[in-house]
Each structure stands twice: as C-alpha cells, then as structure tokens.
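Data block for target_21.csv (CSV, C-alpha atoms):
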```
chain,number,residue,atom,x,y,z
A,11,TYR,CA,164.8,117.7,170.7
A,12,ARG,CA,162.6,117.3,173.7
A,13,TYR,CA,164.2,116.5,177.1
A,14,ASN,CA,162.4,115.2,180.1
A,15,PHE,CA,164.4,115.3,183.3
A,16,SER,CA,162.9,112.0,184.4
A,17,GLU,CA,164.3,110.3,181.3
A,18,GLY,CA,167.9,109.6,180.3
A,19,ALA,CA,168.3,111.2,176.8
A,20,PRO,CA,166.5,113.7,174.7
A,21,ASP,CA,164.0,112.6,172.0
A,22,LEU,CA,164.2,113.9,168.4
A,23,VAL,CA,161.0,116.0,167.6
A,24,GLN,CA,161.9,117.6,164.2
A,25,VAL,CA,164.8,118.0,161.9
A,26,LEU,CA,165.5,121.6,160.9
A,27,ASP,CA,167.2,122.2,157.6
A,28,SER,CA,169.6,124.7,159.1
A,29,PRO,CA,172.0,125.1,162.0
A,30,ALA,CA,170.9,128.7,162.3
A,31,ALA,CA,167.7,128.5,164.3
A,32,PHE,CA,166.3,130.4,167.2
A,33,MET,CA,163.3,129.4,169.4
A,34,THR,CA,161.4,130.7,172.4
A,35,GLY,CA,158.7,129.0,174.5
A,36,LEU,CA,155.1,129.9,174.1
A,37,PRO,CA,153.5,131.5,177.1
A,38,ASP,CA,151.0,128.6,177.8
A,39,GLY,CA,153.8,126.0,177.6
A,40,SER,CA,152.2,124.3,174.5
A,41,GLY,CA,155.3,124.5,172.4
A,42,VAL,CA,157.8,126.8,170.8
A,43,ALA,CA,158.0,129.6,168.2
A,44,LEU,CA,161.0,129.3,165.8
A,45,ALA,CA,162.9,131.4,163.3
A,46,VAL,CA,165.0,129.3,160.9
A,47,GLU,CA,167.4,130.6,158.2
A,48,PRO,CA,168.1,127.7,155.8
A,49,ASP,CA,171.2,127.9,153.6
A,50,GLY,CA,170.4,129.5,150.2
A,51,ARG,CA,166.6,129.6,150.8
A,52,SER,CA,164.1,132.0,152.3
A,53,PRO,CA,163.8,132.1,156.1
A,54,GLU,CA,161.0,130.2,157.9
A,55,THR,CA,158.9,131.4,160.9
A,56,PHE,CA,156.6,128.9,162.5
A,57,LEU,CA,155.2,127.4,165.7
A,58,VAL,CA,155.6,123.8,166.9
A,59,ARG,CA,152.5,123.5,169.0
A,60,GLN,CA,151.3,120.2,170.5
A,61,GLY,CA,153.3,118.3,167.9
A,62,LEU,CA,152.0,120.3,164.9
A,63,ARG,CA,153.9,122.8,162.7
A,64,ILE,CA,152.0,126.0,162.2
A,65,ASP,CA,153.5,128.5,159.7
A,66,VAL,CA,153.3,132.2,160.2
A,67,ASN,CA,151.7,134.1,157.3
A,68,TRP,CA,153.4,137.4,156.4
A,69,ASP,CA,151.3,138.4,153.4
A,70,ASN,CA,149.7,141.4,155.2
A,71,VAL,CA,153.0,142.9,156.3
A,72,GLU,CA,154.5,145.5,154.0
A,73,ASN,CA,158.1,146.7,153.3
A,74,LEU,CA,159.6,143.2,153.5
A,75,THR,CA,162.6,142.2,151.3
A,76,THR,CA,161.7,138.5,151.6
A,77,ASN,CA,158.5,136.7,152.5
A,78,PRO,CA,158.8,135.2,155.1
A,79,PRO,CA,161.5,137.4,156.6
A,80,LEU,CA,163.9,136.4,159.2
A,81,ALA,CA,161.9,137.5,162.3
A,82,ILE,CA,162.9,136.6,165.8
A,83,PRO,CA,160.2,135.6,168.3
A,84,THR,CA,161.1,137.2,171.7
A,85,MET,CA,158.2,138.0,174.1
A,86,ALA,CA,154.4,138.0,174.6
A,87,ASP,CA,152.0,140.6,176.0
A,88,PRO,CA,151.0,140.3,179.7
A,89,ASN,CA,148.0,138.1,178.9
A,90,GLY,CA,150.0,135.7,176.8
A,91,ARG,CA,147.9,136.3,173.7
A,92,TYR,CA,150.2,138.2,171.3
A,93,LEU,CA,153.7,137.1,170.4
A,94,LEU,CA,156.2,139.7,169.2
A,95,TRP,CA,158.4,139.0,166.2
A,96,THR,CA,161.4,141.4,165.5
A,97,VAL,CA,162.4,141.5,161.9
A,98,ALA,CA,166.2,141.1,161.5
A,99,PRO,CA,168.4,143.6,159.7
A,100,GLY,CA,168.3,143.4,155.9
A,101,TYR,CA,164.8,141.8,155.7
A,102,SER,CA,162.7,145.0,155.9
A,103,THR,CA,162.8,148.6,154.7
A,104,GLY,CA,160.4,150.0,157.2
A,105,THR,CA,158.4,147.3,159.2
A,106,PHE,CA,160.5,146.0,162.1
A,107,TYR,CA,157.9,144.6,164.5
A,108,ALA,CA,154.9,142.3,164.0
A,109,LEU,CA,152.5,140.4,166.2
A,110,THR,CA,150.7,137.0,165.9
A,111,ASP,CA,147.5,136.3,167.8
A,112,LEU,CA,148.2,133.0,169.5
A,113,VAL,CA,144.5,132.4,169.9
A,114,THR,CA,144.3,131.9,166.1
A,115,CYS,CA,147.6,130.2,165.7
A,116,GLN,CA,146.0,126.7,166.1
A,117,GLU,CA,145.6,123.8,163.8
A,118,GLY,CA,143.5,124.9,160.8
A,119,GLY,CA,143.7,128.6,162.0
A,120,ALA,CA,145.2,131.6,160.4
A,121,CYS,CA,148.5,132.4,162.1
A,122,THR,CA,148.8,135.8,160.5
A,123,ALA,CA,151.6,138.4,161.3
A,124,VAL,CA,150.3,141.9,161.8
A,125,ALA,CA,152.6,144.9,161.5
A,126,ILE,CA,152.9,147.1,164.6
A,127,GLY,CA,154.3,150.6,164.4
A,128,GLY,CA,157.1,150.3,166.9
A,129,TYR,CA,158.4,148.2,169.8
A,130,PRO,CA,155.4,147.5,172.1
A,131,ILE,CA,155.4,148.2,175.9
A,132,TRP,CA,152.2,146.8,177.3
A,133,SER,CA,150.3,148.0,180.4
A,134,PRO,CA,150.0,145.4,183.1
A,135,GLY,CA,146.5,144.4,182.1
A,136,GLY,CA,147.1,144.6,178.4
A,137,GLU,CA,144.5,147.4,178.0
A,138,HIS,CA,147.0,149.9,176.6
A,139,LEU,CA,150.4,149.9,175.0
A,140,ILE,CA,153.1,152.4,174.1
A,141,THR,CA,154.9,151.8,170.8
A,142,LEU,CA,158.4,153.1,170.5
A,143,THR,CA,159.7,154.1,167.0
A,144,THR,CA,163.5,154.4,166.8
A,145,THR,CA,166.0,155.1,164.1
A,146,ASN,CA,168.0,152.1,165.1
A,147,PRO,CA,165.4,149.4,165.8
A,148,TRP,CA,167.6,146.3,165.9
A,149,TRP,CA,167.6,144.6,169.3
A,150,PRO,CA,167.5,147.5,171.9
A,151,GLU,CA,164.0,146.6,173.0
A,152,GLY,CA,162.8,150.0,174.0
A,153,MET,CA,166.0,151.2,175.7
A,154,ALA,CA,166.9,153.6,172.8
A,155,THR,CA,165.3,157.0,172.4
A,156,GLY,CA,162.4,157.1,170.0
A,157,LEU,CA,159.0,158.6,169.3
A,158,MET,CA,156.3,157.1,171.6
A,159,PHE,CA,152.7,156.6,170.7
A,160,LEU,CA,149.8,155.5,172.9
A,161,ARG,CA,147.4,152.8,171.5
A,162,ASP,CA,144.4,151.0,172.8
A,163,ALA,CA,145.0,147.9,170.7
A,164,PRO,CA,148.0,146.4,168.8
A,165,THR,CA,146.7,147.5,165.4
A,166,ALA,CA,144.7,150.6,166.5
A,167,GLU,CA,145.6,154.1,165.4
A,168,ALA,CA,147.7,156.0,167.8
A,169,THR,CA,145.5,158.1,170.2
A,170,HIS,CA,148.3,160.5,171.4
A,171,SER,CA,152.0,160.8,171.6
A,172,PRO,CA,153.9,161.6,174.8
A,173,GLY,CA,156.8,162.7,172.6
A,174,PHE,CA,160.4,161.3,172.5
A,175,GLY,CA,161.7,159.1,175.3
A,176,ALA,CA,163.5,155.9,176.1
A,177,SER,CA,162.9,152.9,178.4
A,178,PRO,CA,159.1,153.5,178.8
A,179,PHE,CA,157.3,151.5,181.4
A,180,TRP,CA,153.8,151.3,183.0
A,181,LEU,CA,152.9,151.6,186.7
A,182,ASP,CA,149.4,150.4,186.1
A,183,ASP,CA,146.9,150.5,183.2
A,184,THR,CA,146.8,154.4,183.1
A,185,ARG,CA,150.1,155.7,184.5
A,186,PHE,CA,153.5,155.3,182.8
A,187,GLY,CA,157.0,156.8,182.8
A,188,PHE,CA,160.0,157.1,180.6
A,189,LEU,CA,163.5,158.7,180.3
A,190,ASN,CA,164.0,161.8,178.3
A,191,GLN,CA,166.8,164.3,177.6
A,192,PHE,CA,166.8,168.0,177.2
A,193,GLN,CA,168.8,169.8,174.6
A,194,ASN,CA,171.4,170.8,177.2
A,195,GLY,CA,172.1,167.1,177.9
A,196,VAL,CA,170.2,166.8,181.2
A,197,GLU,CA,168.6,163.4,181.5
A,198,GLN,CA,165.5,162.8,183.6
A,199,LEU,CA,163.0,160.2,184.6
A,200,VAL,CA,159.5,161.4,184.3
A,201,LEU,CA,156.0,160.1,185.0
A,202,SER,CA,152.7,160.8,183.1
A,203,ASP,CA,149.4,159.1,182.3
A,204,VAL,CA,147.1,158.4,179.4
A,205,GLN,CA,145.5,161.8,179.7
A,206,LEU,CA,149.0,163.3,179.0
A,207,PRO,CA,149.3,166.0,181.7
A,208,PRO,CA,152.6,167.8,181.9
A,209,PRO,CA,155.2,165.1,182.9
A,210,PHE,CA,156.3,165.0,186.5
A,211,THR,CA,160.1,164.8,187.0
A,212,LEU,CA,161.0,162.1,189.4
A,213,LEU,CA,164.8,161.9,189.0
A,214,THR,CA,167.6,163.6,187.1
A,215,ASP,CA,171.1,162.5,186.3
A,216,SER,CA,172.3,165.1,188.9
A,217,ASP,CA,170.3,163.3,191.6
A,218,MET,CA,172.0,160.0,190.7
A,219,LEU,CA,175.4,161.5,190.4
A,220,ALA,CA,175.2,162.4,194.1
A,221,ASN,CA,175.3,158.6,194.9
A,222,LEU,CA,178.5,157.9,192.9
A,223,SER,CA,182.2,158.9,192.6
A,224,ALA,CA,181.9,159.9,189.0
A,225,ASP,CA,182.1,163.0,186.9
A,226,SER,CA,178.9,162.2,184.9
A,227,VAL,CA,176.3,159.5,184.7
A,228,THR,CA,174.0,158.1,182.0
A,229,PHE,CA,170.7,156.3,182.5
A,230,GLU,CA,170.8,152.9,180.8
A,231,PHE,CA,167.3,151.8,181.7
A,232,VAL,CA,164.6,152.1,184.4
A,233,GLN,CA,161.8,149.8,185.3
A,234,PRO,CA,159.4,149.5,188.3
A,235,LEU,CA,160.1,146.6,190.6
A,236,PRO,CA,157.5,143.9,189.9
A,237,GLY,CA,155.2,143.6,192.9
A,238,SER,CA,156.4,146.9,194.4
A,239,LEU,CA,155.6,149.7,192.0
A,240,GLU,CA,156.9,152.4,194.5
A,241,THR,CA,160.4,151.0,193.9
A,242,MET,CA,162.2,151.8,190.6
A,243,VAL,CA,165.1,149.7,189.4
A,244,VAL,CA,167.6,152.0,187.7
A,245,LEU,CA,170.7,151.0,185.8
A,246,ILE,CA,173.3,153.8,185.7
A,247,ARG,CA,176.6,154.1,183.7
A,248,GLY,CA,179.2,156.2,185.5
A,249,GLU,CA,181.9,158.1,183.6
A,250,SER,CA,185.1,159.8,184.6
A,251,ASN,CA,186.9,162.8,183.0
A,252,LEU,CA,190.3,161.2,183.6
A,253,ALA,CA,192.2,159.9,180.6
A,254,ASN,CA,191.7,156.2,179.9
A,255,ALA,CA,189.3,155.8,182.9
A,256,ALA,CA,186.9,153.0,182.4
A,257,THR,CA,183.1,153.4,182.8
A,258,THR,CA,181.3,151.7,185.6
A,259,GLY,CA,177.9,150.1,185.9
A,260,HIS,CA,175.6,150.5,188.9
A,261,LEU,CA,172.1,149.2,189.8
A,262,PHE,CA,170.0,151.2,192.1
A,263,TRP,CA,166.7,150.6,194.0
A,264,TYR,CA,165.0,154.0,194.2
A,265,ASP,CA,161.9,154.5,196.5
A,266,ARG,CA,159.9,157.1,194.7
A,267,GLY,CA,157.5,157.5,197.7
A,268,ASN,CA,160.3,158.4,200.1
A,269,ASP,CA,162.5,160.0,197.4
A,270,ALA,CA,165.5,157.9,198.6
A,271,VAL,CA,167.9,155.2,197.2
A,272,GLN,CA,167.2,152.0,199.0
A,273,ARG,CA,170.0,149.9,197.6
A,274,HIS,CA,173.1,150.2,195.4
A,275,VAL,CA,174.8,147.2,193.7
A,276,PRO,CA,177.9,147.8,191.5
A,277,LEU,CA,178.0,145.6,188.4
A,278,ALA,CA,181.2,143.5,188.4
A,279,GLU,CA,183.4,143.5,185.2
A,280,TRP,CA,181.4,146.4,183.7
A,281,GLN,CA,184.5,148.4,182.6
A,282,ASN,CA,183.6,150.1,179.3
A,283,SER,CA,180.9,147.5,178.7
A,284,GLU,CA,177.8,148.1,176.6
A,285,LEU,CA,174.4,147.0,177.9
A,286,GLU,CA,172.8,144.2,175.8
A,287,GLY,CA,169.5,143.8,177.5
A,288,TYR,CA,167.6,142.6,180.5
A,289,ARG,CA,164.8,140.2,181.6
A,290,PHE,CA,162.7,139.9,184.7
A,291,SER,CA,161.8,136.3,185.7
A,292,PRO,CA,158.0,135.5,185.4
A,293,ASP,CA,157.5,135.8,189.1
A,294,GLY,CA,159.3,139.1,189.2
A,295,ARG,CA,161.9,138.0,191.7
A,296,TYR,CA,165.0,137.9,189.6
A,297,LEU,CA,166.5,140.5,187.2
A,298,LEU,CA,168.9,139.2,184.5
A,299,ILE,CA,171.2,141.8,182.9
A,300,THR,CA,173.7,141.0,180.1
A,301,TYR,CA,176.5,143.3,179.0
A,302,THR,CA,179.7,143.0,177.1
A,303,SER,CA,182.9,144.9,176.4
A,304,PRO,CA,183.5,145.8,172.7
A,305,ALA,CA,186.9,144.1,173.0
A,306,GLU,CA,185.5,140.8,174.2
A,307,THR,CA,183.2,138.0,172.7
A,308,ALA,CA,182.2,136.7,176.1
A,309,VAL,CA,179.1,138.2,177.7
A,310,ASN,CA,178.8,139.1,181.4
A,311,LEU,CA,175.6,137.8,183.0
A,312,PHE,CA,174.4,139.5,186.2
A,313,LEU,CA,171.5,137.8,188.0
A,314,GLN,CA,170.0,139.9,190.9
A,315,ASP,CA,167.5,138.7,193.5
A,316,VAL,CA,165.3,141.8,193.4
A,317,GLY,CA,162.5,140.3,195.5
A,318,GLY,CA,164.5,139.2,198.5
A,319,ASP,CA,165.4,141.2,201.6
A,320,GLU,CA,169.2,140.6,201.1
A,321,PRO,CA,170.9,142.1,198.0
A,322,ARG,CA,172.0,138.7,196.7
A,323,SER,CA,173.4,138.7,193.2
A,324,PHE,CA,175.3,136.3,190.9
A,325,ASN,CA,177.9,137.2,188.3
A,326,TYR,CA,178.9,134.8,185.5
A,327,THR,CA,180.8,135.2,182.2
A,328,VAL,CA,179.0,133.3,179.4
A,329,LEU,CA,181.5,132.0,176.9
A,330,GLY,CA,181.0,131.6,173.1
A,331,THR,CA,179.0,133.7,170.7
A,332,THR,CA,175.4,133.7,169.6
A,333,PRO,CA,173.7,135.3,166.5
A,334,TYR,CA,171.4,137.4,168.7
A,335,PRO,CA,171.7,139.2,172.0
A,336,ARG,CA,172.3,136.8,174.8
A,337,HIS,CA,169.3,137.8,176.9
A,338,PHE,CA,167.1,136.6,174.0
A,339,TYR,CA,168.2,133.0,175.0
A,340,ALA,CA,167.2,133.3,178.6
A,341,SER,CA,164.4,130.9,179.3
A,342,TRP,CA,162.6,130.7,182.7
A,343,THR,CA,160.1,128.2,184.0
A,344,PRO,CA,156.7,129.8,184.6
A,345,ASP,CA,157.3,129.9,188.3
A,346,GLY,CA,160.6,131.8,187.8
A,347,GLN,CA,162.7,129.2,189.8
A,348,TRP,CA,164.7,127.7,186.9
A,349,LEU,CA,166.7,129.6,184.2
A,350,ALA,CA,168.2,127.9,181.2
A,351,MET,CA,170.9,129.4,179.0
A,352,PRO,CA,172.9,127.8,176.2
A,353,GLU,CA,176.7,128.0,176.4
A,354,LEU,CA,179.3,126.3,174.2
A,355,GLY,CA,177.0,123.5,173.1
A,356,THR,CA,175.6,122.8,176.6
A,357,ILE,CA,172.6,124.1,178.5
A,358,ARG,CA,173.5,125.8,181.8
A,359,LEU,CA,170.8,125.8,184.5
A,360,TRP,CA,170.3,128.2,187.4
A,361,HIS,CA,167.9,127.4,190.2
A,362,ASN,CA,166.6,130.2,192.4
A,363,GLY,CA,169.4,132.4,191.3
A,364,ARG,CA,172.2,129.9,191.9
A,365,ASP,CA,174.4,128.1,189.3
A,366,GLU,CA,173.0,124.6,189.5
A,367,GLN,CA,174.1,122.2,186.8
A,368,ILE,CA,175.1,121.8,183.1
A,369,LEU,CA,173.2,119.6,180.7
A,370,ASN,CA,175.7,118.1,178.2
A,371,PHE,CA,174.2,115.6,175.7
A,372,ASP,CA,176.7,113.5,173.8
A,373,GLY,CA,176.8,114.2,170.2
A,374,LEU,CA,174.5,117.3,170.4
A,375,ASN,CA,175.6,120.9,170.1
A,376,CYS,CA,172.9,122.7,171.9
A,377,THR,CA,172.3,126.2,170.7
A,378,ASN,CA,169.0,127.1,172.3
A,379,ALA,CA,166.6,125.9,175.0
A,380,ALA,CA,163.0,126.7,176.0
A,381,TRP,CA,160.9,125.3,178.8
A,382,VAL,CA,157.7,123.7,177.7
A,383,ASP,CA,154.9,121.7,179.4
A,384,ARG,CA,154.3,119.6,176.3
A,385,LEU,CA,155.6,119.5,172.7
A,386,GLU,CA,153.5,116.8,171.3
A,387,GLY,CA,149.8,115.9,171.7
A,388,GLU,CA,150.2,114.2,175.1
```

Kindly return the structure encoded in the file as structure tokens.
Amino acid sequence: YRYNFSEGAPDLVQVLDSPAAFMTGLPDGSGVALAVEPDGRSPETFLVRQGLRIDVNWDNVENLTTNPPLAIPTMADPNGRYLLWTVAPGYSTGTFYALTDLVTCQEGGACTAVAIGGYPIWSPGGEHLITLTTTNPWWPEGMATGLMFLRDAPTAEATHSPGFGASPFWLDDTRFGFLNQFQNGVEQLVLSDVQLPPPFTLLTDSDMLANLSADSVTFEFVQPLPGSLETMVVLIRGESNLANAATTGHLFWYDRGNDAVQRHVPLAEWQNSELEGYRFSPDGRYLLITYTSPAETAVNLFLQDVGGDEPRSFNYTVLGTTPYPRHFYASWTPDGQWLAMPELGTIRLWHNGRDEQILNFDGLNCTNAAWVDRLEGE
C-alpha cells in the first residue's frame, strides 16, 4: 500500500503472495526493496521502483541453499549507491552478505547481487570499507567480534587486515577505530588508519568502570557522534558480583580530545537485557537503540537526541513480535524529523524525537513501513 498524508486512505500498489514480507526504503526515495517468503515456494527479492518490479539476480553468488535466498535489505553505503542484503539463517552455507548496485537496478538493467566477504562498514566518503567476518553473522551488524579486512571497493581483494575487533567505525576516509579484547579479558577502544600503524588505545573497560557503581563493565558498541567526530557515543553494560543482581545499561558521550566523559544517560528497563541494535537518523541528530530481556517478547526502544544541548531522551516499550530485529523496521524521513515503526498492526510515528501519532487503517494489519517520495511513475 501507498499512503499520502493528504489523502484519506492508502492505495493498493501490489499484492504479495505471502504475509511474511519485509521492505526498506531506497536511499533516493524512488521506491522500496523487498524480501518475501511465500508459503511453499522459493523466496523473492526485488525492488519496486517508480511503479516497476525489478528482481534481484543471485546467479553470481555461491554457497546458497536456494536461489533466490531469503535475504533482508537493510542499509546502503554513504553515497546511496550500494544496497546491502543479509542472507537469513538456513539459506547459505558461507555467503551471508551481498550488495546490489542501485545504479544498474533500473528498468531493463541488471540488478545483480554480488557477494561481499563480511559485514561492510563504509568510510564517510565511501572510498574505503572494512568488512567484518564473524562466526555468528546473523543480525549483529558489526557489533560482534570478527576478523576485519580493509578494501578499496566492495568486491576488491582485501588490502590489509587490522586483525580481530568489534564495532568498527570510521572517523574520516583514512582513520578508523574498533573494540578489541586481550586474552586476559581487558577490553579497549583503539584507533588506527589505513596505513595500519600500531593501534592507539583511547579507552579501556577500567576507564569506564570508574564512572559506574558496578563490579565490571562490557562495551556493547561505540560510534563517533555524527557531525562531531571528537565525541564518541559508547554503550556500556554494567555487571555486579552480587547474586541475582541485574545488569544495567549506560550511554556515554566521551570527548576524546579532552579525555573526559561529557554525558551519562542510564537506559531505563535495561535489567538483564540484550542489545538488539541501533540506528542513527539520517541527519545524525537522533540515536535509536533497541534492547530486550530474554524473558520478554516486547522490545524496549530508546530514542536519544544526541545533537541537542540537553540530554533529552524517550523510552517506549514496543509490543508484539517481528521476524527480524526491531531496529530493522525503523524508517526515517531523509531529514531525520519523522520516524515510523510498526506495532501490533499499526504504524507508530515519532516527530523530532517525540511520540506523535498512530496510523491505524481499518482492515489492514500493517507489518512494515518505509518513507518514499514516489512509488509509481508520477
């Protein structure tokens, strides 16, 4: 369906032969990418672009158990050219990530999937990328520890390897950082560059422990603050040695220039939760974090205004279940002002970090939403 806020009801665009479908908006707003798993038949992966269906060709990807596989479209590179597909569990024996070049995914073009050797982390200008190969590739999106490789193009041979690490990120098109762990268990945040000098240690778990009332801490992820690369956003899990004590979650702003913590925001309802994932809004102002307790089906959504002067945050428990991690379903407008998220058959909307309204269409069980400029040849 397509919905225009100036109109009263959504319009039917295409009937999908399966209730199990996932979609994400294309970077240029020209449509959506979809993964569909029809009952009793092979999965389908395709784009709906300006009213046209464009199927993805998987013939050049090895190690698939079905062709096409069930592959979930999740994100694009900084230039909006390459769309990442993550192959779902059971559909591959060795290839878990592939890219399609959206320049060629046009009417009459070849929308070919090309295997990539790990989860890609792109430099800001798209000139370089780190691919992260992990033993458990399903859904952690670079947060799990794996072997990192530097590449100059998506399908290029690896030029060097920085070794093992987690949560890699780029400061610019030459400098990057990541988390690593020594054999004695010490965790640290280090910085390096494409010439691979000895890594510079920026933070350790002991440094962060000094800011908490906990017996030990674990780095969950770290990323530079968009628009302010001197500031690192660090998510920490605090643990206590007391019997039956719950773990706690904490978000820190760390100023690496002044070697100081600027801000500390505890995450509400974290007790013993596991991190699902995170997303920055397109304008870099908001950070979305989703986490859940193993004993619950609901997902805690934490939305933080990282660009404002005040530490304004919003907590919400998203009800219901989804086939894939909840942050996959987060869809922002290009300006970052509106966020859409499905919940119990409705679409919940946030505007500038505040819970705004619910879209509830009679007779429709909404399972996914994506912002688009156009879906047909208008």

Residues near A:Ile299, anyone? I mean within 7 Å using all atoms listed in the file, not counting same-chain ones fewer than 4 positions away, as an mmCIF file with C-alpha atoms, in the frame of the given file.
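Result saved to selection.cif:
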```cif
data_model
loop_
_atom_site.group_PDB
_atom_site.id
_atom_site.type_symbol
_atom_site.label_atom_id
_atom_site.label_comp_id
_atom_site.auth_asym_id
_atom_site.auth_seq_id
_atom_site.Cartn_x
_atom_site.Cartn_y
_atom_site.Cartn_z
ATOM 1 C CA GLY A 287 169.500 143.800 177.500
ATOM 2 C CA TYR A 288 167.600 142.600 180.500
ATOM 3 C CA ARG A 289 164.800 140.200 181.600
ATOM 4 C CA LEU A 311 175.600 137.800 183.000
ATOM 5 C CA PHE A 312 174.400 139.500 186.200
ATOM 6 C CA LEU A 313 171.500 137.800 188.000
#
```

Next item on the list: Find, counting only C-alpha atoms, the residue in A:Leu206, A:Val316, A:Val66, A:Ala270 that gets nearest to A:Ala123.
Entry: A:Val66

Next item on the list: Check the smallest atom-to-atom distance from each of A:Ile246, A:Ala380, A:Ala81, A:Val275 to A:Trp149 using all atoms listed in the file, then report the winner.
Entry: A:Ala81

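We find atom CA of A:Leu181 and atom CA of A:Asn146 to be spaced 26.4 Å apart.
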
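All residues of protein, DNA or RNA that reach within 8 Å of A:His260, judged by all atoms listed in the file and not counting those fewer than 4 positions away in the chain, are Leu245, Ile246, Arg247, Gly248, His274, Val275, Pro276 and Leu277 of chain A.
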
Next item on the list: Could you give me, as a PyMOL selection string, the residues that have an atom at most 9 Å away from the point (157.7, 139.8, 173.4) in the coordinates of the file, using only C-alpha atoms?
Entry: chain A and resi 83-87+92-96+109+130

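Between A:Gln347 and the candidates A:Ser303, A:Thr214, A:Thr184, A:Asn362, the tightest atom-to-atom separation, counting only C-alpha atoms, involves A:Asn362.
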
Next item on the list: Give as JSON, numbers by chain the set of residues within 9 Å of the point (146.1, 144.4, 179.3), where distances use the file's coordinates and only C-alpha atoms.
Entry: {"A": [87, 88, 89, 132, 133, 134, 135, 136, 137, 138, 139, 183]}

Notebook entry, point to check: Nearest to A:Leu239: which of A:Gly294, A:Ala255, A:Leu189, A:Leu354 is it, counting all atoms listed in the file?
Noted result: A:Gly294

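Residue nearest A:Asn370, chosen from A:Gly18, A:Pro147, A:Gly259, A:Gly173 and counting only C-alpha atoms: A:Gly18.
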
Margin query: Can you measure atom CA of A:Pro29 to atom CA of A:Glu47 for me? One decimal in Å is fine.
Written below: 8.1 Å

Check: Near A:Gln191, counting only C-alpha atoms, which residues have an atom at most 10 Å away, once you skip same-chain residues fewer than 2 positions from it, shown as a ChimeraX atom specification?
Finding: /A:155,174-176,189,193-199,214-215

Note to self: From the options A:Leu112, A:Thr343, A:Leu142, A:Val204, which residue's atoms come nearest to A:Asp162, counting only C-alpha atoms?
What the structure shows: A:Val204

Check: Between atom CA of A:Gly104 and atom CA of A:Phe159, what is the distance, to one decimal in Å?
Finding: 16.9 Å

Next item on the list: Name all residues at most 12 Å from A:Phe188 (count all atoms listed in the file; drop same-chain ones fewer than 5 positions away) and give them as a PyMOL selection string.
Entry: chain A and resi 131+140+142+152-158+172-181+197-203+209-214+229-234+242+244

Note to self: Neighbouring residues of A:Thr241 were defined as those with any atom within 9 Å, considering only C-alpha atoms; residues of the same chain fewer than 2 positions away were excluded. Please report them as an NGL selection string.
What the structure shows: :A and (233-236 or 238-239 or 243 or 263-267 or 272)
